[in-house]
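So this block is target-v6.cif, mmCIF, C-alpha atoms (C1' of nucleotides):
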data_work
#
loop_
_atom_site.label_atom_id
_atom_site.label_comp_id
_atom_site.auth_asym_id
_atom_site.auth_seq_id
_atom_site.Cartn_x
_atom_site.Cartn_y
_atom_site.Cartn_z
CA MET U 13 -29.88 -8.46 -21.81
CA THR U 14 -31.39 -7.18 -18.62
CA GLN U 15 -31.39 -9.75 -15.89
CA LEU U 16 -33.76 -8.67 -13.16
CA LYS U 17 -32.24 -11.12 -10.75
CA PRO U 18 -28.65 -12.18 -11.22
CA PHE U 19 -28.17 -15.81 -10.62
CA HIS U 20 -25.60 -17.79 -8.74
CA HIS U 21 -25.35 -15.54 -5.77
CA GLY U 22 -27.91 -12.83 -5.94
CA ASP U 23 -27.00 -9.21 -6.47
CA LEU U 24 -23.34 -9.80 -5.86
CA LYS U 25 -22.24 -6.48 -7.27
CA ARG U 26 -24.31 -4.66 -4.70
CA VAL U 27 -23.12 -6.92 -1.90
CA LEU U 28 -19.51 -6.36 -2.90
CA PHE U 29 -20.06 -2.62 -2.90
CA ASP U 30 -21.68 -2.60 0.55
CA VAL U 31 -19.07 -4.86 2.05
CA ALA U 32 -16.28 -2.78 0.55
CA LEU U 33 -17.77 0.38 2.00
CA ALA U 34 -17.95 -1.21 5.43
CA LEU U 35 -14.33 -2.30 5.18
CA LEU U 36 -13.37 1.20 4.05
CA ASP U 37 -15.03 2.79 7.06
CA GLU U 38 -13.48 0.32 9.44
CA HIS U 39 -9.94 -0.12 8.14
CA GLY U 40 -9.35 2.57 5.56
CA ALA U 41 -8.63 2.10 1.88
CA GLY U 42 -5.79 -0.27 2.69
CA GLY U 43 -8.30 -2.66 4.19
CA VAL U 44 -10.38 -2.80 1.04
CA THR U 45 -8.67 -5.68 -0.70
CA ILE U 46 -10.30 -7.82 -3.34
CA ARG U 47 -9.78 -10.90 -1.22
CA ALA U 48 -11.12 -9.37 1.98
CA VAL U 49 -14.18 -8.08 0.16
CA ALA U 50 -14.79 -11.47 -1.44
CA LYS U 51 -14.41 -13.22 1.88
CA ALA U 52 -16.81 -10.87 3.63
CA ALA U 53 -19.29 -11.33 0.79
CA GLY U 54 -19.01 -15.10 1.10
CA VAL U 55 -17.63 -15.74 -2.36
CA SER U 56 -14.31 -16.91 -3.71
CA HIS U 57 -11.49 -14.48 -4.31
CA GLY U 58 -11.95 -14.76 -8.05
CA ALA U 59 -15.61 -13.85 -8.08
CA PRO U 60 -15.41 -10.04 -7.88
CA VAL U 61 -13.64 -9.72 -11.20
CA ASN U 62 -16.95 -10.30 -12.97
CA HIS U 63 -18.34 -7.10 -11.46
CA TYR U 64 -15.29 -4.91 -10.87
CA LYS U 65 -12.47 -5.59 -13.21
CA ASP U 66 -9.83 -4.84 -10.62
CA ARG U 67 -9.30 -3.23 -7.26
CA ARG U 68 -8.99 0.20 -8.79
CA ALA U 69 -12.42 -0.11 -10.39
CA LEU U 70 -14.00 -1.11 -7.09
CA LEU U 71 -12.43 1.79 -5.22
CA THR U 72 -13.38 4.20 -7.99
CA ALA U 73 -16.99 3.07 -7.69
CA LEU U 74 -16.85 3.69 -3.94
CA ALA U 75 -15.41 7.16 -4.49
CA LYS U 76 -17.98 8.06 -7.11
CA ALA U 77 -20.79 7.15 -4.72
CA GLN U 78 -19.32 9.48 -2.11
CA PHE U 79 -19.11 12.39 -4.53
CA ASP U 80 -22.69 11.64 -5.51
CA ALA U 81 -23.75 11.79 -1.89
CA LEU U 82 -21.94 15.08 -1.41
CA LEU U 83 -23.55 16.61 -4.46
CA THR U 84 -26.99 15.44 -3.42
CA GLY U 85 -26.54 16.87 0.05
CA ILE U 86 -25.35 20.19 -1.28
CA ASP U 87 -28.10 20.45 -3.87
CA THR U 88 -30.78 19.60 -1.36
CA ARG U 89 -29.72 22.35 0.97
CA LEU U 90 -29.01 24.85 -1.77
CA ALA U 91 -32.54 24.44 -3.09
CA GLU U 92 -33.89 26.22 -0.05
CA LEU U 93 -31.88 29.36 -0.63
CA ASN U 94 -32.22 32.67 -2.37
CA ASP U 95 -29.47 34.59 -4.09
CA ASP U 96 -27.28 35.65 -1.22
CA PRO U 97 -23.92 33.85 -1.64
CA GLY U 98 -23.13 33.83 2.08
CA PRO U 99 -25.23 30.85 3.14
CA GLY U 100 -24.36 28.98 -0.05
CA ILE U 101 -20.72 29.10 0.89
CA GLU U 102 -21.55 27.88 4.33
CA ILE U 103 -23.55 24.99 2.95
CA PHE U 104 -20.71 23.88 0.73
CA ALA U 105 -18.10 24.18 3.43
CA SER U 106 -20.07 22.53 6.18
CA ALA U 107 -21.17 19.71 3.89
CA MET U 108 -17.54 18.94 3.13
CA MET U 109 -16.39 19.25 6.72
CA ASP U 110 -19.24 17.24 8.17
CA PHE U 111 -18.68 14.49 5.66
CA GLY U 112 -14.92 14.46 6.15
CA PHE U 113 -15.05 14.32 9.92
CA ARG U 114 -17.85 11.80 10.02
CA TYR U 115 -16.36 9.47 7.41
CA PRO U 116 -12.64 10.12 7.41
CA HIS U 117 -11.70 7.09 5.34
CA ARG U 118 -14.34 7.80 2.74
CA TYR U 119 -13.18 11.36 2.47
CA ARG U 120 -9.54 10.46 2.11
CA LEU U 121 -10.30 7.92 -0.59
CA LEU U 122 -11.66 10.71 -2.76
CA TRP U 123 -8.16 12.16 -3.22
CA ARG U 124 -6.15 8.99 -3.52
CA ALA U 125 -5.01 9.32 -7.11
CA ASP U 126 -2.97 6.16 -6.73
CA LEU U 127 -6.02 4.09 -5.83
CA ILE U 128 -8.90 5.51 -7.83
CA ASP U 129 -9.22 6.66 -11.41
CA HIS U 130 -9.65 10.40 -11.41
CA ALA U 131 -10.03 10.31 -15.19
CA ASP U 132 -13.17 8.20 -14.94
CA PRO U 133 -15.86 10.11 -16.86
CA GLU U 134 -18.59 9.56 -14.30
CA LEU U 135 -16.29 10.63 -11.52
CA LEU U 136 -15.22 13.71 -13.43
CA SER U 137 -18.80 14.55 -14.16
CA VAL U 138 -19.95 14.62 -10.56
CA MET U 139 -16.84 16.50 -9.43
CA ASP U 140 -17.49 19.10 -12.10
CA LYS U 141 -21.06 19.45 -10.93
CA ILE U 142 -19.94 20.14 -7.39
CA TYR U 143 -17.48 22.70 -8.67
CA ASP U 144 -20.21 24.29 -10.75
CA ARG U 145 -22.45 24.66 -7.72
CA LEU U 146 -19.65 26.41 -5.94
CA CYS U 147 -18.92 28.74 -8.86
CA ALA U 148 -22.57 29.60 -9.10
CA GLU U 149 -22.39 30.99 -5.58
CA PHE U 150 -19.76 33.45 -6.69
CA SER U 151 -20.97 34.19 -10.19
CA GLN U 152 -23.65 36.60 -9.10
CA ALA U 153 -22.23 39.93 -8.18
CA VAL U 154 -20.52 39.93 -4.83
CA PRO U 155 -20.28 43.28 -3.09
CA GLY U 156 -16.74 44.53 -3.33
CA ARG U 157 -15.73 41.65 -5.57
CA LYS U 158 -12.13 41.82 -6.67
CA PHE U 159 -11.45 38.39 -8.17
CA ASP U 160 -13.11 36.18 -10.72
CA LYS U 161 -15.47 33.43 -9.61
CA ASP U 162 -12.99 30.64 -10.29
CA THR U 163 -10.46 32.18 -7.97
CA TYR U 164 -13.06 32.41 -5.23
CA ALA U 165 -14.21 28.86 -5.89
CA VAL U 166 -10.73 27.37 -5.98
CA ALA U 167 -9.72 29.29 -2.89
CA LEU U 168 -12.72 28.22 -0.87
CA TRP U 169 -12.64 24.58 -1.90
CA SER U 170 -8.89 24.49 -1.32
CA MET U 171 -9.26 25.96 2.13
CA VAL U 172 -12.01 23.58 3.12
CA HIS U 173 -10.29 20.53 1.69
CA GLY U 174 -6.97 21.49 3.18
CA TYR U 175 -8.49 21.99 6.58
CA VAL U 176 -10.27 18.64 6.57
CA ASP U 177 -7.30 16.78 5.15
CA MET U 178 -4.80 18.22 7.60
CA ARG U 179 -7.10 17.63 10.54
CA LEU U 180 -7.46 14.02 9.44
CA SER U 181 -3.68 13.82 9.55
CA GLY U 182 -3.73 15.01 13.14
CA MET U 183 -2.69 18.59 12.46
CA PHE U 184 -3.78 21.61 14.49
CA GLU U 185 -5.64 19.63 17.11
CA PRO U 186 -6.79 16.05 17.51
CA LEU U 187 -10.20 15.07 16.24
CA ASN U 188 -12.47 15.04 19.24
CA ASP U 189 -15.11 12.46 20.00
CA SER U 190 -17.99 14.24 18.37
CA ILE U 191 -18.27 14.72 14.67
CA SER U 192 -17.10 18.18 14.00
CA GLY U 193 -13.92 20.14 14.10
CA ALA U 194 -16.43 22.84 14.51
CA PRO U 195 -15.06 25.91 16.29
CA ARG U 196 -11.97 26.45 14.16
CA GLY U 197 -13.74 25.25 11.05
CA GLU U 198 -16.50 27.76 11.58
CA ALA U 199 -13.97 30.48 12.24
CA ILE U 200 -12.18 30.00 8.95
CA ILE U 201 -15.48 29.87 7.09
CA ASP U 202 -16.48 33.12 8.77
CA MET U 203 -13.15 34.55 7.83
CA PHE U 204 -13.65 33.62 4.20
CA LYS U 205 -17.11 35.12 4.14
CA ARG U 206 -15.79 38.30 5.63
CA PHE U 207 -13.50 38.56 2.62
CA LEU U 208 -16.44 38.85 0.30
CA VAL U 209 -18.05 41.95 1.71
CA MET E 7 29.87 2.18 21.04
CA THR E 8 30.43 4.72 18.34
CA GLN E 9 31.52 3.18 15.08
CA LEU E 10 32.96 5.84 12.84
CA LYS E 11 32.69 3.62 9.82
CA PRO E 12 29.97 1.02 9.63
CA PHE E 13 31.27 -2.17 8.28
CA HIS E 14 29.93 -4.81 5.95
CA HIS E 15 28.51 -2.51 3.37
CA GLY E 16 29.49 1.03 4.08
CA ASP E 17 27.00 3.64 5.15
CA LEU E 18 24.03 1.46 4.31
CA LYS E 19 21.56 3.58 6.23
CA ARG E 20 22.37 6.55 4.07
CA VAL E 21 22.28 4.51 0.91
CA LEU E 22 18.89 3.10 1.85
CA PHE E 23 17.59 6.60 2.47
CA ASP E 24 18.85 7.94 -0.85
CA VAL E 25 17.56 5.00 -2.81
CA ALA E 26 14.19 5.23 -1.08
CA LEU E 27 13.92 8.90 -1.94
CA ALA E 28 14.68 8.17 -5.58
CA LEU E 29 12.03 5.44 -5.63
CA LEU E 30 9.58 7.82 -3.99
CA ASP E 31 10.13 10.48 -6.63
CA GLU E 32 9.84 7.99 -9.44
CA HIS E 33 7.00 5.71 -8.37
CA GLY E 34 5.33 7.32 -5.39
CA ALA E 35 5.09 5.99 -1.88
CA GLY E 36 3.70 2.72 -3.17
CA GLY E 37 6.98 2.09 -4.94
CA VAL E 38 8.99 2.46 -1.77
CA THR E 39 8.93 -1.13 -0.60
CA ILE E 40 11.51 -2.64 1.71
CA ARG E 41 12.40 -5.19 -0.91
CA ALA E 42 12.72 -2.72 -3.77
CA VAL E 43 14.89 -0.43 -1.65
CA ALA E 44 17.09 -3.34 -0.61
CA LYS E 45 17.43 -4.50 -4.18
CA ALA E 46 18.37 -1.04 -5.43
CA ALA E 47 20.90 -0.73 -2.63
CA GLY E 48 22.38 -4.08 -3.57
CA VAL E 49 21.65 -5.86 -0.31
CA SER E 50 19.33 -8.66 0.69
CA HIS E 51 15.73 -7.98 1.59
CA GLY E 52 16.44 -8.60 5.24
CA ALA E 53 19.25 -6.09 5.55
CA PRO E 54 17.27 -2.85 5.98
CA VAL E 55 15.71 -3.95 9.25
CA ASN E 56 18.97 -3.17 11.00
CA HIS E 57 18.62 0.50 10.10
CA TYR E 58 14.88 1.05 9.77
CA LYS E 59 12.80 -1.24 11.87
CA ASP E 60 10.02 -1.46 9.33
CA ARG E 61 8.65 0.24 6.25
CA ARG E 62 6.81 2.80 8.34
CA ALA E 63 10.04 3.91 9.99
CA LEU E 64 11.74 4.34 6.63
CA LEU E 65 8.90 6.41 5.20
CA THR E 66 8.70 8.48 8.36
CA ALA E 67 12.39 9.28 8.02
CA LEU E 68 11.81 10.35 4.44
CA ALA E 69 8.92 12.57 5.49
CA LYS E 70 10.85 14.16 8.30
CA ALA E 71 13.64 15.11 5.93
CA GLN E 72 11.13 16.83 3.66
CA PHE E 73 9.65 18.85 6.50
CA ASP E 74 13.18 19.78 7.50
CA ALA E 75 13.88 21.00 4.00
CA LEU E 76 10.68 23.03 3.98
CA LEU E 77 11.50 24.63 7.31
CA THR E 78 15.02 25.46 6.22
CA GLY E 79 13.79 27.04 3.00
CA ILE E 80 11.20 29.10 4.81
CA ASP E 81 13.60 30.24 7.50
CA THR E 82 16.24 31.20 5.01
CA ARG E 83 13.89 33.43 3.11
CA LEU E 84 12.19 34.82 6.20
CA ALA E 85 15.52 35.94 7.57
CA GLU E 86 15.71 38.62 4.92
CA LEU E 87 12.46 40.26 5.93
CA ASN E 88 11.23 42.99 8.18
CA ASP E 89 7.97 43.06 10.11
CA ASP E 90 5.41 43.35 7.35
CA PRO E 91 3.37 40.12 7.34
CA GLY E 92 2.55 40.33 3.64
CA PRO E 93 5.77 38.93 2.19
CA GLY E 94 6.06 36.41 4.99
CA ILE E 95 2.77 34.90 3.94
CA GLU E 96 3.92 34.79 0.38
CA ILE E 97 7.13 33.05 1.35
CA PHE E 98 5.28 30.37 3.25
CA ALA E 99 2.73 29.81 0.53
CA SER E 100 5.13 29.77 -2.37
CA ALA E 101 7.56 27.52 -0.52
CA MET E 102 4.77 24.98 -0.06
CA MET E 103 3.46 25.27 -3.59
CA ASP E 104 6.87 25.14 -5.23
CA PHE E 105 7.80 22.09 -3.23
CA GLY E 106 4.51 20.33 -3.84
CA PHE E 107 4.51 20.88 -7.57
CA ARG E 108 8.18 20.06 -7.99
CA TYR E 109 8.12 16.92 -5.84
CA PRO E 110 4.54 15.70 -5.89
CA HIS E 111 5.25 12.31 -4.38
CA ARG E 112 7.34 13.76 -1.59
CA TYR E 113 4.61 16.24 -0.79
CA ARG E 114 1.88 13.66 -0.72
CA LEU E 115 3.87 11.40 1.57
CA LEU E 116 3.82 14.11 4.21
CA TRP E 117 0.11 13.60 4.77
CA ARG E 118 -0.13 9.84 4.46
CA ALA E 119 -1.13 9.02 8.02
CA ASP E 120 -1.43 5.38 7.06
CA LEU E 121 2.21 5.19 5.95
CA ILE E 122 4.14 7.50 8.26
CA ASP E 123 4.04 8.06 11.99
CA HIS E 124 2.60 11.49 12.62
CA ALA E 125 3.15 10.97 16.34
CA ASP E 126 6.91 10.71 15.88
CA PRO E 127 8.43 13.35 18.19
CA GLU E 128 10.98 14.60 15.68
CA LEU E 129 8.33 14.87 13.01
CA LEU E 130 5.98 16.70 15.35
CA SER E 131 8.75 19.04 16.36
CA VAL E 132 9.56 20.23 12.86
CA MET E 133 5.89 20.52 11.93
CA ASP E 134 5.33 22.63 15.00
CA LYS E 135 8.21 24.85 14.05
CA ILE E 136 6.76 25.48 10.61
CA TYR E 137 3.43 26.29 12.20
CA ASP E 138 5.16 28.64 14.61
CA ARG E 139 6.80 30.52 11.78
CA LEU E 140 3.41 30.97 10.19
CA CYS E 141 1.78 32.13 13.41
CA ALA E 142 4.57 34.62 13.94
CA GLU E 143 3.59 36.27 10.68
CA PHE E 144 0.15 36.97 12.10
CA SER E 145 1.03 37.63 15.69
CA GLN E 146 2.16 41.16 15.12
CA ALA E 147 -0.75 43.50 14.72
CA VAL E 148 -2.38 43.20 11.33
CA PRO E 149 -4.29 46.26 10.17
CA GLY E 150 -7.99 45.59 10.48
CA ARG E 151 -7.37 42.27 12.18
CA LYS E 152 -10.56 40.50 13.14
CA PHE E 153 -9.44 36.98 14.02
CA ASP E 154 -6.79 35.44 16.24
CA LYS E 155 -3.47 34.42 14.80
CA ASP E 156 -4.26 30.70 14.90
CA THR E 157 -7.31 31.18 12.76
CA TYR E 158 -5.26 33.08 10.22
CA ALA E 159 -2.51 30.46 10.32
CA VAL E 160 -4.85 27.50 10.03
CA ALA E 161 -6.80 29.15 7.25
CA LEU E 162 -3.74 30.02 5.19
CA TRP E 163 -2.00 26.67 5.63
CA SER E 164 -5.27 24.90 4.89
CA MET E 165 -5.80 26.88 1.73
CA VAL E 166 -2.28 26.32 0.49
CA HIS E 167 -2.27 22.63 1.34
CA GLY E 168 -5.71 22.08 -0.10
CA TYR E 169 -4.76 23.81 -3.32
CA VAL E 170 -1.59 21.77 -3.79
CA ASP E 171 -3.25 18.51 -2.79
CA MET E 172 -6.21 18.94 -5.08
CA ARG E 173 -4.04 20.01 -7.99
CA LEU E 174 -1.95 16.89 -7.46
CA SER E 175 -5.17 14.91 -7.76
CA GLY E 176 -5.84 16.56 -11.11
CA MET E 177 -8.44 19.03 -9.90
CA PHE E 178 -9.03 22.49 -11.37
CA GLU E 179 -6.55 22.10 -14.21
CA PRO E 180 -3.87 19.62 -15.14
CA LEU E 181 -0.34 20.19 -13.91
CA ASN E 182 1.57 21.69 -16.78
CA ASP E 183 5.11 20.87 -17.77
CA SER E 184 6.83 23.55 -15.77
CA ILE E 185 6.97 23.57 -12.04
CA SER E 186 4.28 25.86 -10.90
CA GLY E 187 0.55 26.02 -10.80
CA ALA E 188 1.42 29.63 -10.65
CA PRO E 189 -1.31 31.92 -11.96
CA ARG E 190 -4.18 30.55 -9.93
CA GLY E 191 -1.93 29.85 -6.98
CA GLU E 192 -0.74 33.43 -6.96
CA ALA E 193 -4.29 34.66 -7.29
CA ILE E 194 -5.49 32.85 -4.19
CA ILE E 195 -2.47 34.03 -2.25
CA ASP E 196 -3.22 37.59 -3.34
CA MET E 197 -6.78 37.06 -2.30
CA PHE E 198 -5.75 35.93 1.13
CA LYS E 199 -3.42 38.86 1.58
CA ARG E 200 -6.17 41.24 0.55
CA PHE E 201 -8.17 39.88 3.47
CA LEU E 202 -5.65 41.15 5.94
CA VAL E 203 -5.77 44.84 5.12
"C1'" DA Q 7 46.81 -13.12 18.84
"C1'" DT Q 8 42.66 -14.99 20.54
"C1'" DC Q 9 38.22 -14.84 22.39
"C1'" DT Q 10 33.74 -12.71 23.15
"C1'" DC Q 11 30.20 -9.72 22.15
"C1'" DT Q 12 27.59 -7.04 19.27
"C1'" DA Q 13 26.33 -5.17 14.87
"C1'" DT Q 14 25.22 -6.31 10.51
"C1'" DA Q 15 23.93 -9.20 6.43
"C1'" DT Q 16 21.88 -13.43 4.37
"C1'" DA Q 17 18.46 -16.92 3.34
"C1'" DG Q 18 14.25 -19.09 3.99
"C1'" DA Q 19 9.64 -19.20 5.50
"C1'" DC Q 20 4.78 -17.54 6.41
"C1'" DG Q 21 0.63 -15.41 5.22
"C1'" DC Q 22 -0.93 -11.83 2.91
"C1'" DT Q 23 -1.84 -9.25 -1.73
"C1'" DG Q 24 -3.66 -8.57 -7.11
"C1'" DT Q 25 -4.24 -10.77 -11.14
"C1'" DC Q 26 -4.49 -14.34 -14.58
"C1'" DA Q 27 -5.76 -19.01 -16.63
"C1'" DA Q 28 -8.35 -23.17 -16.56
"C1'" DT Q 29 -12.46 -25.13 -15.16
"C1'" DA Q 30 -17.14 -25.67 -13.59
"C1'" DT Q 31 -21.91 -24.31 -13.17
"C1'" DA Q 32 -26.07 -21.75 -13.84
"C1'" DA Q 33 -29.12 -18.85 -16.52
"C1'" DT Q 34 -30.46 -17.12 -21.16
"C1'" DG Q 35 -31.68 -17.29 -26.10
"C1'" DT Q 36 -32.98 -20.15 -29.86
"C1'" DA I 9 -32.73 -29.76 -26.07
"C1'" DC I 10 -28.87 -27.17 -27.29
"C1'" DA I 11 -25.58 -23.51 -27.64
"C1'" DT I 12 -24.16 -19.37 -25.70
"C1'" DT I 13 -23.19 -16.32 -22.28
"C1'" DA I 14 -22.64 -14.86 -17.50
"C1'" DT I 15 -20.99 -16.03 -13.33
"C1'" DA I 16 -18.27 -18.56 -9.74
"C1'" DT I 17 -14.43 -21.69 -8.22
"C1'" DT I 18 -9.82 -23.16 -7.93
"C1'" DG I 19 -5.04 -23.00 -8.44
"C1'" DA I 20 -1.04 -20.68 -9.76
"C1'" DC I 21 2.40 -16.84 -9.87
"C1'" DA I 22 5.10 -12.98 -8.40
"C1'" DG I 23 5.56 -9.48 -5.02
"C1'" DC I 24 4.90 -7.70 -0.45
"C1'" DG I 25 6.23 -7.04 5.06
"C1'" DT I 26 8.02 -9.31 8.58
"C1'" DC I 27 9.87 -12.96 11.42
"C1'" DT I 28 13.49 -16.57 12.49
"C1'" DA I 29 17.67 -18.89 12.15
"C1'" DT I 30 22.20 -18.54 10.56
"C1'" DA I 31 26.43 -16.54 9.03
"C1'" DT I 32 29.94 -13.07 9.05
"C1'" DA I 33 32.49 -8.94 10.17
"C1'" DG I 34 34.12 -5.58 13.20
"C1'" DA I 35 35.14 -3.82 18.19
"C1'" DG I 36 36.84 -4.39 22.75
"C1'" DA I 37 39.10 -6.97 26.26
"C1'" DT I 38 42.42 -10.06 27.67
#
The structure given in the file should be rewritten as structure tokens.
Amino acid sequence: MTQLKPFHHGDLKRVLFDVALALLDEHGAGGVTIRAVAKAAGVSHGAPVNHYKDRRALLTALAKAQFDALLTGIDTRLAELNDDPGPGIEIFASAMMDFGFRYPHRYRLLWRADLIDHADPELLSVMDKIYDRLCAEFSQAVPGRKFDKDTYAVALWSMVHGYVDMRLSGMFEPLNDSISGAPRGEAIIDMFKRFLV
Amino acid sequence: MTQLKPFHHGDLKRVLFDVALALLDEHGAGGVTIRAVAKAAGVSHGAPVNHYKDRRALLTALAKAQFDALLTGIDTRLAELNDDPGPGIEIFASAMMDFGFRYPHRYRLLWRADLIDHADPELLSVMDKIYDRLCAEFSQAVPGRKFDKDTYAVALWSMVHGYVDMRLSGMFEPLNDSISGAPRGEAIIDMFKRFLV
DNA sequence: ATCTCTATATAGACGCTGTCAATATAATGT
DNA sequence: ACATTATATTGACAGCGTCTATATAGAGAT
């Protein structure tokens, strides 16, 4: 039942995953083909099917890992906070922006409904958790609060996602050498926070 | 030099465009292949190259036409306004949302940097014009204004785009039968407008 | 009218792609 | 030792973008 060490190749599933992630970073989702992954892993093009039933399953696994990483990063930094929603918002927004600008192809994969399975239960679960963290920031009373927490949460996540996604398409200004699209990104986060008080 | 009527087939370029748009609406960008377009237009797979040099050029032409349509719609409705930035914001936001929810595949194509050429001068030109319209809404003095017009413009466009894009990925709530994701969409627009006063 | 040039359309090839079926091999369970 | 299961290989198939060679149709000039 539980094989501690898979046979023929070694831990091929893990190797396939790592190789696929490297191809994603380098060439984008379009470069993550079953055959390219198999080649880079040193196996035949038919081997991956034993571990990922098709390309969609492989890409969905990649996406899920990215959402996991985002959630972990957010939770880690949220753990150090008290009840003030201001810094929580900043943590969420900067986690998303940092990730998006540092790993553009990973970020874009997350929203490629044609390539990954957004109905996958594990994927849904981790996305819901991220959304819950965000809602929690708004669920405690906000001074001068005029909208329900979901509206705040949807608005903030939309704004952050939209900003990252459009920047990755070359809008507003080109992505500079360093990681961040910081100045404007910080400005719109500030602007959003100003709305709350 | 100028042929009033193309020959062999008729206005094949136009036919290719129309057929490609229909395929886009039905199957998404992935369904718009040179060979499928040629087949639907009733010509051989090698014919389209005379009118669109490759698939990227065809998809870029499709995208440009959508941006044109968005700009026209926005301008038409802006023309009926006075100086108050409130309704102008609503026009921009609802034009984007209505378009995105009515033609999801067209909307998503606009941001597919891997499929279209975002450096295309004509494409850049119309995108800039849309951005200019938005900036104009914020450039007149807004009561209690605390940020520059670009920050307002980037923030609003980001929020609207992010909302549409995430909804099209199935986030927040499923797209219902009718066109709009209206209630929540209107709420976040209201929220943004509240920020300005 | 004919001849030339250019624009357009066809047909075939190449190397990719995902996926499936048939086969081979290695590890596990009895 | 044997049967079963998991894994890997190989070959095939259709579809893709794009290139090349070839054919045809229209335009312009003579």
Exercise. For His111 in chain E, work out the shell of residues within 12 Å, counting only C-alpha atoms (C1' of nucleotides) and skipping chain neighbours fewer than 2 positions away, then give it as a VMD selection string.
Key: (chain U and resid 124 to 126) or (chain E and resid 26 to 38 65 68 to 69 72 105 to 109 113 to 118 170 to 171 174 to 175)
Kindly provide, as a ChimeraX atom specification, the residues of chain I having any atom no farther than 10 Å from an atom of chain U, counting only C-alpha atoms (C1' of nucleotides). /I:14-18
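With all atoms listed in the file as the atoms that count, the residue of E:Ser145, E:Pro93, E:Arg151, E:Ala85 with the shortest distance to Asp196 in chain E is E:Pro93.
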Taken to one decimal, the CA of Asp81 in chain E-CA of Met203 in chain U distance is 27.1 Å
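Taking CA of Gln152 in chain U as the reference point, CA of Phe153 in chain E is found at 27.1 Å.
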Requested in this report: Report the distance between CA of Ala48 in chain U and C1' of DT23 in chain Q in Å, rounded to one decimal place.
Outcome: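 Separation of CA of Ala48 in chain U and C1' of DT23 in chain Q: 10.0 Å.
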I would like the residues chosen by the PyMOL selection byres ((chain E) within 6 of (chain U)) on the shown file; could you give them as a PDB file with C-alpha atoms, in the coordinates of the input?
ATOM      1  CA  ALA E 119      -1.130   9.020   8.020  1.00  0.00           C
ATOM      2  CA  ALA E 161      -6.800  29.150   7.250  1.00  0.00           C
ATOM      3  CA  SER E 164      -5.270  24.900   4.890  1.00  0.00           C
ATOM      4  CA  MET E 165      -5.800  26.880   1.730  1.00  0.00           C
ATOM      5  CA  HIS E 167      -2.270  22.630   1.340  1.00  0.00           C
ATOM      6  CA  GLY E 168      -5.710  22.080  -0.100  1.00  0.00           C
ATOM      7  CA  TYR E 169      -4.760  23.810  -3.320  1.00  0.00           C
ATOM      8  CA  SER E 175      -5.170  14.910  -7.760  1.00  0.00           C
ATOM      9  CA  ILE E 194      -5.490  32.850  -4.190  1.00  0.00           C
ATOM     10  CA  PHE E 201      -8.170  39.880   3.470  1.00  0.00           C
TER      11      PHE E 201
END
- Task: Please return, as a list in words, all residues of chain Q lying within 8 Å of chain E when all atoms listed in the file are considered.
- Result: DT14, DA15 and DT16 of chain Q
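Evaluated against the shown file, the PyMOL selection byres ((chain Q and resi 20) around 10) gives DG18, DA19, DG21 and DC22 of chain Q; DT26 and DC27 of chain I.
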Generate the output file for the selected residues, C-alpha atoms (C1' of nucleotides), as an mmCIF file, in the frame of the given file.
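See part-v5.cif below for the written result:
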data_model
loop_
_atom_site.group_PDB
_atom_site.id
_atom_site.type_symbol
_atom_site.label_atom_id
_atom_site.label_comp_id
_atom_site.auth_asym_id
_atom_site.auth_seq_id
_atom_site.Cartn_x
_atom_site.Cartn_y
_atom_site.Cartn_z
ATOM 1 C "C1'" DG Q 18 14.250 -19.090 3.990
ATOM 2 C "C1'" DA Q 19 9.640 -19.200 5.500
ATOM 3 C "C1'" DG Q 21 0.630 -15.410 5.220
ATOM 4 C "C1'" DC Q 22 -0.930 -11.830 2.910
ATOM 5 C "C1'" DT I 26 8.020 -9.310 8.580
ATOM 6 C "C1'" DC I 27 9.870 -12.960 11.420
#
For this session: Fewer than 3 positions away in the same chain doesn't count, so skip those; otherwise give me all residues within 8 Å of Ala53 in chain U, counting all atoms listed in the file, as number ranges by chain.
Result: U: 24, 27-28, 31, 49-50
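This file, queried with the PyMOL selection byres ((chain Q and resi 27) around 9), gives the residues DC26 and DA28 of chain Q; DA20 of chain I.
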Check your understanding: Can you list, as a list in words, every protein, DNA or RNA residue that comes within 10 Å of DT13 in chain I when you count only C-alpha atoms (C1' of nucleotides), leaving out same-chain residues fewer than 3 positions away?
Key ->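 After dropping sequence-adjacent residues, the list is DA33, DT34 and DG35 of chain Q.
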Requested write-out: C-alpha atoms (C1' of nucleotides) of the selected residues, as a CSV table (one decimal), keeping the file's coordinate frame:
chain,number,residue,atom,x,y,z
Q,33,DA,C1',-29.1,-18.8,-16.5
Q,34,DT,C1',-30.5,-17.1,-21.2
Q,35,DG,C1',-31.7,-17.3,-26.1
Using all atoms listed in the file, the shortest atom-to-atom distance to DG23 in chain I among E:Lys19, E:Arg61, E:Arg83, E:Arg41 belongs to E:Arg41
Selection near DT36 in chain Q, 10 Å with all atoms listed in the file, sequence-local residues under 2 positions removed, as a list in words: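 Returned residues: DT34 of chain Q; DC10, DA11 and DT12 of chain I.
Once Leu90 in chain U and its same-chain neighbours fewer than 4 positions away are set aside, Ile86, Gly100 and Ile103 of chain U remain within 8 Å of it when counting only C-alpha atoms (C1' of nucleotides).
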- Query: Hey, can you pull every residue with an atom no more than 9 Å from (-20.7, 17.2, 3.3), using all atoms listed in the file, and send it as a list in words?
  - Reply: Ala81, Leu82, Leu83, Gly85, Ile86, Ile103, Phe104, Ala105, Ser106, Ala107, Met108, Met109, Asp110, Phe111 and Gly112 of chain U
